[in-house]
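Enquirer: Input: one structure, supplied below.
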Number of protein chains: 2
Amino acid sequence: MSKPKRLMELMMTVNRKKKFTVKELASEFDVSTRTILRDLQELSELGVPLYSEVGPHGGYQVLNERILPPIAFTEEEAVAIFFACHALRHYAYLPFETESSSALNKFYFYMSGDVRDRIDEMKNRIDFVIPSRQAKFPYLSILLDGAIRQKVIRIEYESREGVSARLIQPVGIYASSGLWYCPAYCFLREDIRLFRCDRIKSAAEDTSGTHPLDLRNLHLGNREALLPSEQEFTSLYAELSEEGVHRCEAEYWSATKLHRREDGTGWLEGSMPKRDIPFLAQFFIGLGADATVKYPPELIDDIKRRLTEMMARYG
Amino acid sequence: MSKPKRLMELMMTVNRKKKFTVKELASEFDVSTRTILRDLQELSELGVPLYSEVGPHGGYQVLNERILPPIAFTEEEAVAIFFACHALRHYAYLPFETESSSALNKFYFYMSGDVRDRIDEMKNRIDFVIPSRQAKFPYLSILLDGAIRQKVIRIEYESREGVSARLIQPVGIYASSGLWYCPAYCFLREDIRLFRCDRIKSAAEDTSGTHPLDLRNLHLGNREALLPSEQEFTSLYAELSEEGVHRCEAEYWSATKLHRREDGTGWLEGSMPKRDIPFLAQFFIGLGADATVKYPPELIDDIKRRLTEMMARYG
DNA sequence: TTTATTTGTGACAATAGTTGTCACTATTAT
DNA sequence: ATAATAGTGACAACTATTGTCACAAATAAA
């Protein structure tokens, strides 16, 4: 085995093992321990964060900031990655912002000038529009870490009734229309609740000793399971024009209740929590002539009440 | 200079030059031509697409699929890139889809198992919600290429009046709320128009000889310049509640007209094209009690007309 | 057709880099 | 005190690389 190849594989091996000895690696690679010592010295000089301990039960460890073996990407691949990261630039407070930026700097350094020019030109030609928000989301990393490692987080949450302290265990975080949301198990309500991340005023790992639940089978993908469970439901049916179909397509809650006809029109049909009727009334009013609610009657009544109120307001 | 270092720099040099000779490189790197020949052979074996021509004015060229020198990323950088690409997975038809995917496969190959596990777990814990669209956008690459290289594109566009052929010169493409849009100079209307990409039924480079305009100073960033220029305007003023402010924040057209007060409420004020009054009427109806339009009178009249129609529809 | 310019190949002596062995040191837990 | 670990320097043996040389092949231009 050539030296360059051996160094590459050694890098992958040390990244994989938590702890290892020089003797063990020498045996595995069929070289002398002296050679392994030299190789590890060379990896160290290349920036691999190796740490050694002398004595029985000693050996080497890799500190947490591990480095991948060098990878040769095509320029097209680098451009693709550039634009993926570019697409997310509107999101402040992203958990990986620093790392993203340093990765792109590395690519930029190794690219020839004409590809750089091309990227700079493309920055002006393709964009992903995210609504610009004044809201701030400084605790995304903590929430994400809590979700991954099944941790209890103490937050201060601002709702209509004011700021209250809560213990939550996050399921995950997601961004929609420029805002971040965190579905989490709320120990106060003893149920899954959806938190808006800009309304979280502080967040820190809980130190009171509350035991986390096992939420491993609960994640962002099974979203129906995230809905609050104990509440009254009602049946909804609304006719939609073609434009109404398009607009309901874009709504998080309505996508699963949307049915289409061949001519492009469609209808919404399904169970909704009764407590959502105010939201639904305003939503269908916003759809105007593109939607007509057939039932439930409570919803139609609320729509009429709001229309009357608006008629009065505009004289 | 050590051989590995020389190979790295040689890779960057060949990527930069369009065409070069062995003699030129030997002089530049202060080695013999025989060594350069060997080095080029070795780069070739590493996958660098070199092409040579014998004879006067001969030499080497790199074919277009250039490869970057191997780059050593930290694992955190790789994770960040993974999630940038992950964020875009909802967008079908993206111009760089294949390249993105192959780049991620390279990362995945070199990562140790525990980081892979971590990424797989994170996939369930962080998400970027893009409205799911039934629409199709098969011509994004052509439009983007047209924008970058200032080309005229022949399209078939489906509007309310039916499908019509158009010659356009794209300014760029952008995604908003799951749909793609292409602002372009329209040779038929002799003005900048905004095209929805799912309504483009075909697109190909124009072969009729129409000369492209010089649109280099026009790009997605100076969006006000993209608005149609010859039309009637009217003054808009509307009071907003705190919630109304939040909802106008998310709107592409209203962000520049939004003013805030310290208590969180605000108002919209500014010039709007008269032809947008139907859209505005429905928009403010959708805001319900969170907005009150003060002027223009035509807008208030349209709002009242729509409210009356809806009252009649719901009995 | 000839000439000059380019890439290209193989061989080999000289040079540079790498490896394993050896002898020894230092640290640390048991 | 002992055993197990990392660590260092030196040197002969071995391997890889380099430059020189002689020659071959292809090609455009005069």
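Naming works like this for the structure tokens: A, B, ... for the chains as they're shown, residue 1 at the start of each chain, ligands 1 onward in shown order.
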Find the residues of chain C that sit at most 10 Å from chain A; for each, write down the nearest two atoms and how far apart they are in Å, to one decimal. Count only C-alpha atoms (C1' of nucleotides). Sort by chain, then by number going up, and give it as a tab-separated table.
Expert:
```
residue	atom	partner	partner_atom	distance
C:DT18	C1'	A:Lys3	CA	8.8
C:DT19	C1'	A:Thr35	CA	6.9
C:DG20	C1'	A:Ser32	CA	6.4
C:DT21	C1'	A:Ser32	CA	9.5
C:DA26	C1'	A:Val54	CA	8.6
C:DT27	C1'	A:Val54	CA	5.4
C:DT28	C1'	A:Gly55	CA	4.1
C:DA29	C1'	A:Pro56	CA	5.8
C:DT30	C1'	A:Pro56	CA	8.9
```
Enquirer: Output N, CA and C atoms (P, O5', C5', C4', C3', O3' and C1' of nucleotides) for every residue in that selection, as an mmCIF file, in the first residue's frame.
Expert:
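So result30.cif came out as:
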```cif
data_model
loop_
_atom_site.group_PDB
_atom_site.id
_atom_site.type_symbol
_atom_site.label_atom_id
_atom_site.label_comp_id
_atom_site.auth_asym_id
_atom_site.auth_seq_id
_atom_site.Cartn_x
_atom_site.Cartn_y
_atom_site.Cartn_z
ATOM 1 P P DT C 18 8.459 10.751 2.580
ATOM 2 O "O5'" DT C 18 8.705 9.217 2.884
ATOM 3 C "C5'" DT C 18 8.454 8.264 1.847
ATOM 4 C "C4'" DT C 18 8.695 6.867 2.378
ATOM 5 C "C3'" DT C 18 8.122 6.604 3.776
ATOM 6 O "O3'" DT C 18 7.362 5.418 3.675
ATOM 7 C "C1'" DT C 18 10.399 5.960 3.680
ATOM 8 P P DT C 19 6.530 4.874 4.893
ATOM 9 O "O5'" DT C 19 7.409 3.667 5.420
ATOM 10 C "C5'" DT C 19 7.833 2.658 4.499
ATOM 11 C "C4'" DT C 19 8.781 1.716 5.201
ATOM 12 C "C3'" DT C 19 8.327 1.347 6.615
ATOM 13 O "O3'" DT C 19 8.028 -0.041 6.634
ATOM 14 C "C1'" DT C 19 10.654 1.932 6.548
ATOM 15 P P DG C 20 7.392 -0.716 7.944
ATOM 16 O "O5'" DG C 20 8.665 -1.397 8.629
ATOM 17 C "C5'" DG C 20 9.528 -2.202 7.823
ATOM 18 C "C4'" DG C 20 10.740 -2.605 8.630
ATOM 19 C "C3'" DG C 20 10.417 -3.088 10.049
ATOM 20 O "O3'" DG C 20 11.238 -4.216 10.312
ATOM 21 C "C1'" DG C 20 11.904 -1.235 10.148
ATOM 22 P P DT C 21 11.063 -5.051 11.681
ATOM 23 O "O5'" DT C 21 12.436 -4.728 12.407
ATOM 24 C "C5'" DT C 21 13.647 -4.818 11.668
ATOM 25 C "C4'" DT C 21 14.789 -4.245 12.479
ATOM 26 C "C3'" DT C 21 14.745 -4.635 13.956
ATOM 27 O "O3'" DT C 21 16.006 -5.191 14.299
ATOM 28 C "C1'" DT C 21 15.031 -2.300 13.714
ATOM 29 P P DA C 26 14.066 10.347 30.707
ATOM 30 O "O5'" DA C 26 12.473 10.318 30.597
ATOM 31 C "C5'" DA C 26 11.829 11.014 29.521
ATOM 32 C "C4'" DA C 26 10.338 10.820 29.622
ATOM 33 C "C3'" DA C 26 9.799 10.911 31.066
ATOM 34 O "O3'" DA C 26 8.725 11.829 31.059
ATOM 35 C "C1'" DA C 26 9.041 8.923 30.015
ATOM 36 P P DT C 27 8.019 12.228 32.420
ATOM 37 O "O5'" DT C 27 6.658 11.385 32.336
ATOM 38 C "C5'" DT C 27 5.871 11.462 31.150
ATOM 39 C "C4'" DT C 27 4.715 10.509 31.253
ATOM 40 C "C3'" DT C 27 3.991 10.536 32.607
ATOM 41 O "O3'" DT C 27 2.619 10.722 32.347
ATOM 42 C "C1'" DT C 27 4.499 8.325 31.957
ATOM 43 P P DT C 28 1.636 11.187 33.496
ATOM 44 O "O5'" DT C 28 0.882 9.837 33.897
ATOM 45 C "C5'" DT C 28 0.226 9.097 32.877
ATOM 46 C "C4'" DT C 28 -0.103 7.723 33.381
ATOM 47 C "C3'" DT C 28 -0.618 7.686 34.822
ATOM 48 O "O3'" DT C 28 -1.927 7.161 34.808
ATOM 49 C "C1'" DT C 28 0.974 5.975 34.414
ATOM 50 P P DA C 29 -2.880 7.246 36.082
ATOM 51 O "O5'" DA C 29 -3.436 5.759 36.201
ATOM 52 C "C5'" DA C 29 -3.819 5.070 35.005
ATOM 53 C "C4'" DA C 29 -3.830 3.587 35.264
ATOM 54 C "C3'" DA C 29 -4.511 3.172 36.560
ATOM 55 O "O3'" DA C 29 -5.210 1.957 36.316
ATOM 56 C "C1'" DA C 29 -2.248 2.476 36.621
ATOM 57 P P DT C 30 -6.203 1.318 37.414
ATOM 58 O "O5'" DT C 30 -5.327 0.112 37.973
ATOM 59 C "C5'" DT C 30 -4.802 -0.844 37.050
ATOM 60 C "C4'" DT C 30 -3.860 -1.777 37.755
ATOM 61 C "C3'" DT C 30 -4.356 -2.246 39.120
ATOM 62 O "O3'" DT C 30 -4.362 -3.673 39.151
ATOM 63 C "C1'" DT C 30 -2.099 -1.500 39.241
#
```
Enquirer: Chain D near chain A within 9 Å: what's each residue's closest atom pair and its distance in Å to one decimal, counting only C-alpha atoms (C1' of nucleotides), ordered by chain then ascending residue number, as a tab-separated table?
Expert:
```
residue	atom	partner	partner_atom	distance
D:DA3	C1'	A:Pro56	CA	7.8
D:DA4	C1'	A:Pro56	CA	4.6
D:DT5	C1'	A:Gly55	CA	4.3
D:DA6	C1'	A:Val54	CA	5.0
D:DG7	C1'	A:Leu37	CA	8.6
```
Enquirer: Store the residues picked out above in a file with C-alpha atoms (C1' of nucleotides), as an mmCIF file, in the first residue's frame.
Expert:
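Contents of result-v8.cif, as written:
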```cif
data_model
loop_
_atom_site.group_PDB
_atom_site.id
_atom_site.type_symbol
_atom_site.label_atom_id
_atom_site.label_comp_id
_atom_site.auth_asym_id
_atom_site.auth_seq_id
_atom_site.Cartn_x
_atom_site.Cartn_y
_atom_site.Cartn_z
ATOM 1 C "C1'" DA D 3 3.679 -3.857 32.696
ATOM 2 C "C1'" DA D 4 1.655 -1.240 29.215
ATOM 3 C "C1'" DT D 5 1.494 2.632 26.851
ATOM 4 C "C1'" DA D 6 3.459 6.805 23.964
ATOM 5 C "C1'" DG D 7 7.708 8.690 22.509
#
```
Enquirer: Kindly determine which residues of chain A lie within 6 Å of chain B, considering only C-alpha atoms, and give the answer as a PyMOL selection string.
Expert: chain A and resi 16+66-75+77+80+84-85+96+99-100+103+112+124-129+131+172-176+219-220+250+285-286
Enquirer: With DSSP run on the backbone, what are the strand (DSSP E) residues within region 11-169 of chain B? I'd like them as a list in words.
Expert: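 Output for region 11-169 of chain B, strand (DSSP E) only: Lys19, Phe20, Leu50, Tyr51, Ser52, Glu53, Gly59, Tyr60, Gln61, Val62, Ile126, Asp127, Phe128, Val129, Ile153, Arg154, Ile155, Glu156, Tyr157, Glu158, Ser159, Gly162, Val163, Ser164, Ala165, Arg166, Leu167, Ile168 and Gln169 of chain B.
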Enquirer: Using only C-alpha atoms (C1' of nucleotides), find the one residue out of D:DA10, D:DA30, D:DA1, D:DA22 that sits nearest to DC24 (chain C).
Expert: D:DA10
Enquirer: Which residues, written as a ChimeraX atom specification, have at least one atom at most 9 Å from DG17 (chain C), with only C-alpha atoms (C1' of nucleotides) counted and residues fewer than 5 positions away on the same chain left out?
Expert: /D:15-17
Enquirer: So how many Å separate CA of Ile200 (chain B) and CA of Ala184 (chain B), to one decimal?
Expert: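 So the answer is 12.4 Å.
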Enquirer: Just give me the gap between CA of Ala204 (chain B) and CA of Gly264 (chain A) in Å, one decimal is fine.
Expert: 27.4 Å
